[in-house]
Every structure is written in C-alpha cells, then in structure tokens.
>>> print(open('coords_29.pdb').read())   # PDB, C-alpha atoms
ATOM      1  CA  MET A 279     -97.730  36.464  70.514
ATOM      2  CA  MET A 280     -99.819  39.414  69.283
ATOM      3  CA  VAL A 281     -96.971  40.461  66.970
ATOM      4  CA  ARG A 282     -97.245  37.222  64.982
ATOM      5  CA  PHE A 283    -100.909  37.797  64.223
ATOM      6  CA  ALA A 284    -100.534  41.437  63.194
ATOM      7  CA  PRO A 285     -99.459  40.707  59.570
ATOM      8  CA  ALA A 286    -102.221  38.129  59.140
ATOM      9  CA  LEU A 287    -104.811  40.504  60.588
ATOM     10  CA  PHE A 288    -103.601  43.308  58.323
ATOM     11  CA  ALA A 289    -103.844  41.049  55.242
ATOM     12  CA  LEU A 290    -107.341  39.963  56.273
ATOM     13  CA  LEU A 291    -108.479  43.579  56.662
ATOM     14  CA  LEU A 292    -107.061  44.498  53.253
ATOM     15  CA  THR A 293    -108.877  41.563  51.660
ATOM     16  CA  ALA A 294    -112.151  42.537  53.332
ATOM     17  CA  CYS A 295    -111.845  46.117  52.113
ATOM     18  CA  ALA A 296    -110.960  45.008  48.606
ATOM     19  CA  SER A 297    -114.012  42.739  48.389
ATOM     20  CA  VAL A 298    -116.506  45.617  48.797
ATOM     21  CA  PRO A 299    -117.411  46.551  45.207
ATOM     22  CA  ASN A 300    -117.393  50.172  44.137
ATOM     23  CA  VAL A 301    -120.693  50.271  42.244
ATOM     24  CA  ALA A 302    -122.185  53.255  40.448
ATOM     25  CA  LEU A 303    -125.782  53.606  39.315
ATOM     26  CA  PRO A 304    -127.422  52.760  37.008
ATOM     27  CA  VAL A 305    -126.892  48.996  37.341
ATOM     28  CA  GLU A 306    -128.615  46.555  35.006
ATOM     29  CA  ALA A 307    -128.296  42.776  34.935
ATOM     30  CA  GLN A 308    -130.082  39.668  33.794
ATOM     31  CA  LEU A 309    -130.502  37.484  36.865
ATOM     32  CA  HIS A 310    -131.791  33.987  37.486
ATOM     33  CA  PRO A 311    -133.816  33.279  40.648
ATOM     34  CA  GLY A 312    -131.593  33.309  43.717
ATOM     35  CA  ARG A 313    -128.921  35.520  42.126
ATOM     36  CA  ARG A 314    -128.014  39.039  43.237
ATOM     37  CA  MET A 315    -126.589  42.262  41.865
ATOM     38  CA  ALA A 316    -124.328  44.554  43.869
ATOM     39  CA  LEU A 317    -125.525  48.101  44.518
ATOM     40  CA  PRO A 318    -123.897  51.188  46.054
ATOM     41  CA  GLU A 319    -123.598  51.631  49.819
ATOM     42  CA  GLY A 320    -122.995  47.907  50.387
ATOM     43  CA  ALA A 321    -126.536  47.057  49.282
ATOM     44  CA  SER A 322    -127.692  44.353  46.902
ATOM     45  CA  LEU A 323    -130.801  43.335  44.979
ATOM     46  CA  ILE A 324    -131.735  39.648  44.989
ATOM     47  CA  TYR A 325    -134.102  38.183  42.409
ATOM     48  CA  VAL A 326    -136.016  35.806  44.684
ATOM     49  CA  ASP A 327    -138.519  34.138  42.359
ATOM     50  CA  THR A 328    -141.426  34.537  39.940
ATOM     51  CA  THR A 329    -144.898  33.370  40.984
ATOM     52  CA  ASN A 330    -148.449  33.487  39.612
ATOM     53  CA  ASP A 331    -147.065  33.265  36.080
ATOM     54  CA  SER A 332    -150.060  33.209  33.750
ATOM     55  CA  ARG A 333    -148.207  34.651  30.752
ATOM     56  CA  CYS A 334    -148.829  33.167  27.347
ATOM     57  CA  PRO A 335    -146.158  30.546  26.476
ATOM     58  CA  PRO A 336    -143.869  31.269  23.507
ATOM     59  CA  ASP A 337    -145.185  30.272  20.071
ATOM     60  CA  VAL A 338    -148.789  30.076  21.342
ATOM     61  CA  GLN A 339    -151.569  32.448  20.383
ATOM     62  CA  CYS A 340    -153.451  33.548  23.489
ATOM     63  CA  VAL A 341    -156.524  35.721  23.947
ATOM     64  CA  HIS A 342    -155.146  37.107  27.229
ATOM     65  CA  ALA A 343    -151.476  38.011  27.642
ATOM     66  CA  GLY A 344    -151.414  37.078  31.352
ATOM     67  CA  ASP A 345    -149.157  38.405  34.087
ATOM     68  CA  ALA A 346    -146.510  37.324  36.605
ATOM     69  CA  ASP A 347    -145.255  38.491  40.001
ATOM     70  CA  VAL A 348    -141.496  39.048  40.167
ATOM     71  CA  HIS A 349    -140.244  39.009  43.752
ATOM     72  CA  VAL A 350    -137.052  40.902  44.573
ATOM     73  CA  ARG A 351    -135.359  41.689  47.875
ATOM     74  CA  PHE A 352    -133.325  44.818  48.605
ATOM     75  CA  VAL A 353    -130.691  44.112  51.232
ATOM     76  CA  LYS A 354    -128.905  47.041  52.860
ATOM     77  CA  PRO A 355    -126.621  46.925  55.885
ATOM     78  CA  ASP A 356    -129.478  48.230  58.065
ATOM     79  CA  ALA A 357    -132.627  46.950  56.324
ATOM     80  CA  VAL A 358    -134.256  44.271  54.172
ATOM     81  CA  LEU A 359    -137.214  45.095  51.919
ATOM     82  CA  ASP A 360    -139.234  42.617  49.857
ATOM     83  CA  VAL A 361    -140.830  44.056  46.708
ATOM     84  CA  THR A 362    -143.132  42.518  44.077
ATOM     85  CA  LEU A 363    -142.949  43.785  40.501
ATOM     86  CA  LYS A 364    -145.630  42.935  37.929
ATOM     87  CA  ALA A 365    -144.619  41.642  34.506
ATOM     88  CA  SER A 366    -147.508  43.666  33.042
ATOM     89  CA  GLU A 367    -145.783  46.838  34.344
ATOM     90  CA  GLN A 368    -142.520  45.992  32.604
ATOM     91  CA  GLY A 369    -140.514  49.105  31.787
ATOM     92  CA  GLN A 370    -142.241  51.233  34.432
ATOM     93  CA  PRO A 371    -139.818  52.244  37.218
ATOM     94  CA  ARG A 372    -140.849  51.813  40.825
ATOM     95  CA  ALA A 373    -139.402  54.029  43.563
ATOM     96  CA  ILE A 374    -137.817  52.172  46.467
ATOM     97  CA  GLY A 375    -136.396  54.759  48.856
ATOM     98  CA  THR A 376    -133.772  56.785  46.994
ATOM     99  CA  TRP A 377    -133.590  54.275  44.136
ATOM    100  CA  ARG A 378    -135.816  53.138  41.270
ATOM    101  CA  VAL A 379    -136.092  49.528  40.182
ATOM    102  CA  THR A 380    -137.368  48.613  36.735
ATOM    103  CA  LEU A 381    -138.262  45.186  35.393
ATOM    104  CA  ARG A 382    -136.855  45.424  31.866
ATOM    105  CA  GLY A 383    -137.613  41.876  30.762
ATOM    106  CA  LEU A 384    -138.809  38.481  31.943
ATOM    107  CA  GLY A 385    -137.900  35.326  30.064
ATOM    108  CA  PRO A 386    -140.129  32.292  29.531
ATOM    109  CA  GLY A 387    -140.253  29.120  31.574
ATOM    110  CA  PRO A 388    -140.926  27.976  35.117
ATOM    111  CA  ARG A 389    -137.888  29.817  36.617
ATOM    112  CA  PRO A 390    -137.435  32.638  34.106
ATOM    113  CA  PRO A 391    -134.475  35.015  34.057
ATOM    114  CA  ALA A 392    -135.348  38.635  34.797
ATOM    115  CA  THR A 393    -133.570  41.721  33.516
ATOM    116  CA  LEU A 394    -133.581  44.326  36.288
ATOM    117  CA  ARG A 395    -132.303  47.888  36.351
ATOM    118  CA  VAL A 396    -131.645  50.019  39.430
ATOM    119  CA  ASP A 397    -130.985  53.733  39.151
ATOM    120  CA  ASP A 398    -131.088  56.873  41.262
ATOM    121  CA  ALA A 399    -134.631  58.134  41.872
ATOM    122  CA  SER A 400    -133.430  61.725  42.131
ATOM    123  CA  ARG A 401    -132.297  61.839  38.508
TER     124      ARG A 401
END
>>> encode(input="coords_29.pdb", output="structure tokens")
Amino acid sequence: MMVRFAPALFALLLTACASVPNVALPVEAQLHPGRRMALPEGASLIYVDTTNDSRCPPDVQCVHAGDADVHVRFVKPDAVLDVTLKASEQGQPRAIGTWRVTLRGLGPGPRPPATLRVDDASR
C-alpha cells in the first residue's frame, strides 16, 4: 500500500519545494492593506493597515501636513515582528534585524496603498 502513495508524495514534495520563492534583495512593491511581499529566507512583509491618518487630503491647502502610522508585520519562520512606520519619515530606512525597511510612498484615502522597500542593512 505504501508503494501506491510514493509517487503522490514525491509530487507533493516537489510542488512544495517549487512554491518557495527565490527572492533577492532589494524588494520593492506597492501593497494594499492585508497584502504581503515575499522576502528571502522564507520571510514575508505584510502591510497590515494605516491608522491615525491626519494627512492633508489631495487638492486641499492645509496649514499642517499631518502624519500617519503605517503598520507592517515581518513574518519569519521563527519570529513575528510588528513595526510602525511614520508617513512623515517617508524615505528614511529603518533597520529591522539584518534588513532595512523604507516607506517610499503612501497613497491617499481611508485604506491607502503603501510603497515599501526592503533591502540588506549591511550594504
């Protein structure tokens, strides 16, 4: 009976191995809340949400530019780390372990898309 399952098990293992992306840094993507980007070492970065958004709406003249908190989650096989990036610090990389994450852009609206970049902190 074990012989019958061997080909199916082998095919399943090949599929599992093929589904692990081979990702090289830097990685940059525009994500919507709830979406993720694949990172090396089986890790990923999830754009969780944006809160406390007091930024000036498009086509409005404001005295104060405002700010927003961009919540992301690093997920590695052995750890999960929640990080908050500030829209006012856009373009400034933040070290997270051996990587740097940079908020490159944040769109308008109640659930804005965020452009995020992850690169190697040692470079």
>>> resolve_selection(input="coords_29.pdb", expression="the PyMOL selection byres ((chain A and resi 372-388) around 8)", output="list in words")
Pro335, Pro336, Leu363, Ala365, Glu367, Gln368, Gly369, Gln370, Pro371, Arg389, Pro390, Pro391, Ala392, Thr393, Leu394, Arg395, Val396, Asp397, Asp398, Ala399 and Ser400 of chain A
>>> resolve_selection(input="coords_29.pdb", expression="the PyMOL selection byres ((chain A and resi 354) around 7)", output="ChimeraX atom specification")
/A:320-322,352-353,355-358
>>> atom_distance(input="coords_29.pdb", atom1="atom CA of His310 of chain A", atom2="atom CA of Val326 of chain A")
8.5 Å
>>> atom_distance(input="coords_29.pdb", atom1="atom CA of Ala346 of chain A", atom2="atom CA of Val305 of chain A")
22.8 Å
>>> atom_distance(input="coords_29.pdb", atom1="atom CA of Ala343 of chain A", atom2="atom CA of Arg314 of chain A")
28.2 Å
>>> closest_residue(input="coords_29.pdb", among="A:Val341, A:Val361, A:Val301, A:Val350", to="Arg313 of chain A", atoms="all atoms listed in the file")
A:Val350
>>> axis_aligned_box(input="coords_29.pdb", around="segment 347-363 of chain A", padding_each_side="4 Å", output="JSON")
{"center_x": -135.9, "center_y": 43.4, "center_z": 49.0, "size_x": 26.6, "size_y": 17.7, "size_z": 26.1}
>>> residues_around(input="coords_29.pdb", residues="Gly344 of chain A", least_positions_apart="5", cutoff="9 Å", atoms="only C-alpha atoms", output="PyMOL selection string")
chain A and resi 331-334+365-366
>>> residues_around(input="coords_29.pdb", residues="Thr362 of chain A", least_positions_apart="5", cutoff="10 Å", atoms="all atoms listed in the file", output="short mmCIF file (atom, residue, chain, number, x, y, z; two decimals) with C-alpha atoms, keeping the file's coordinate frame")
data_model
loop_
_atom_site.label_atom_id
_atom_site.label_comp_id
_atom_site.auth_asym_id
_atom_site.auth_seq_id
_atom_site.Cartn_x
_atom_site.Cartn_y
_atom_site.Cartn_z
CA VAL A 326 -136.02 35.81 44.68
CA ASP A 327 -138.52 34.14 42.36
CA THR A 328 -141.43 34.54 39.94
CA THR A 329 -144.90 33.37 40.98
CA ALA A 346 -146.51 37.32 36.60
CA ASP A 347 -145.26 38.49 40.00
CA VAL A 348 -141.50 39.05 40.17
CA HIS A 349 -140.24 39.01 43.75
CA VAL A 350 -137.05 40.90 44.57
CA ARG A 351 -135.36 41.69 47.88
#
>>> closest_residue(input="coords_29.pdb", among="A:Leu309, A:Leu359, A:Pro318, A:Asn330", to="Asp345 of chain A", atoms="only C-alpha atoms")
A:Asn330
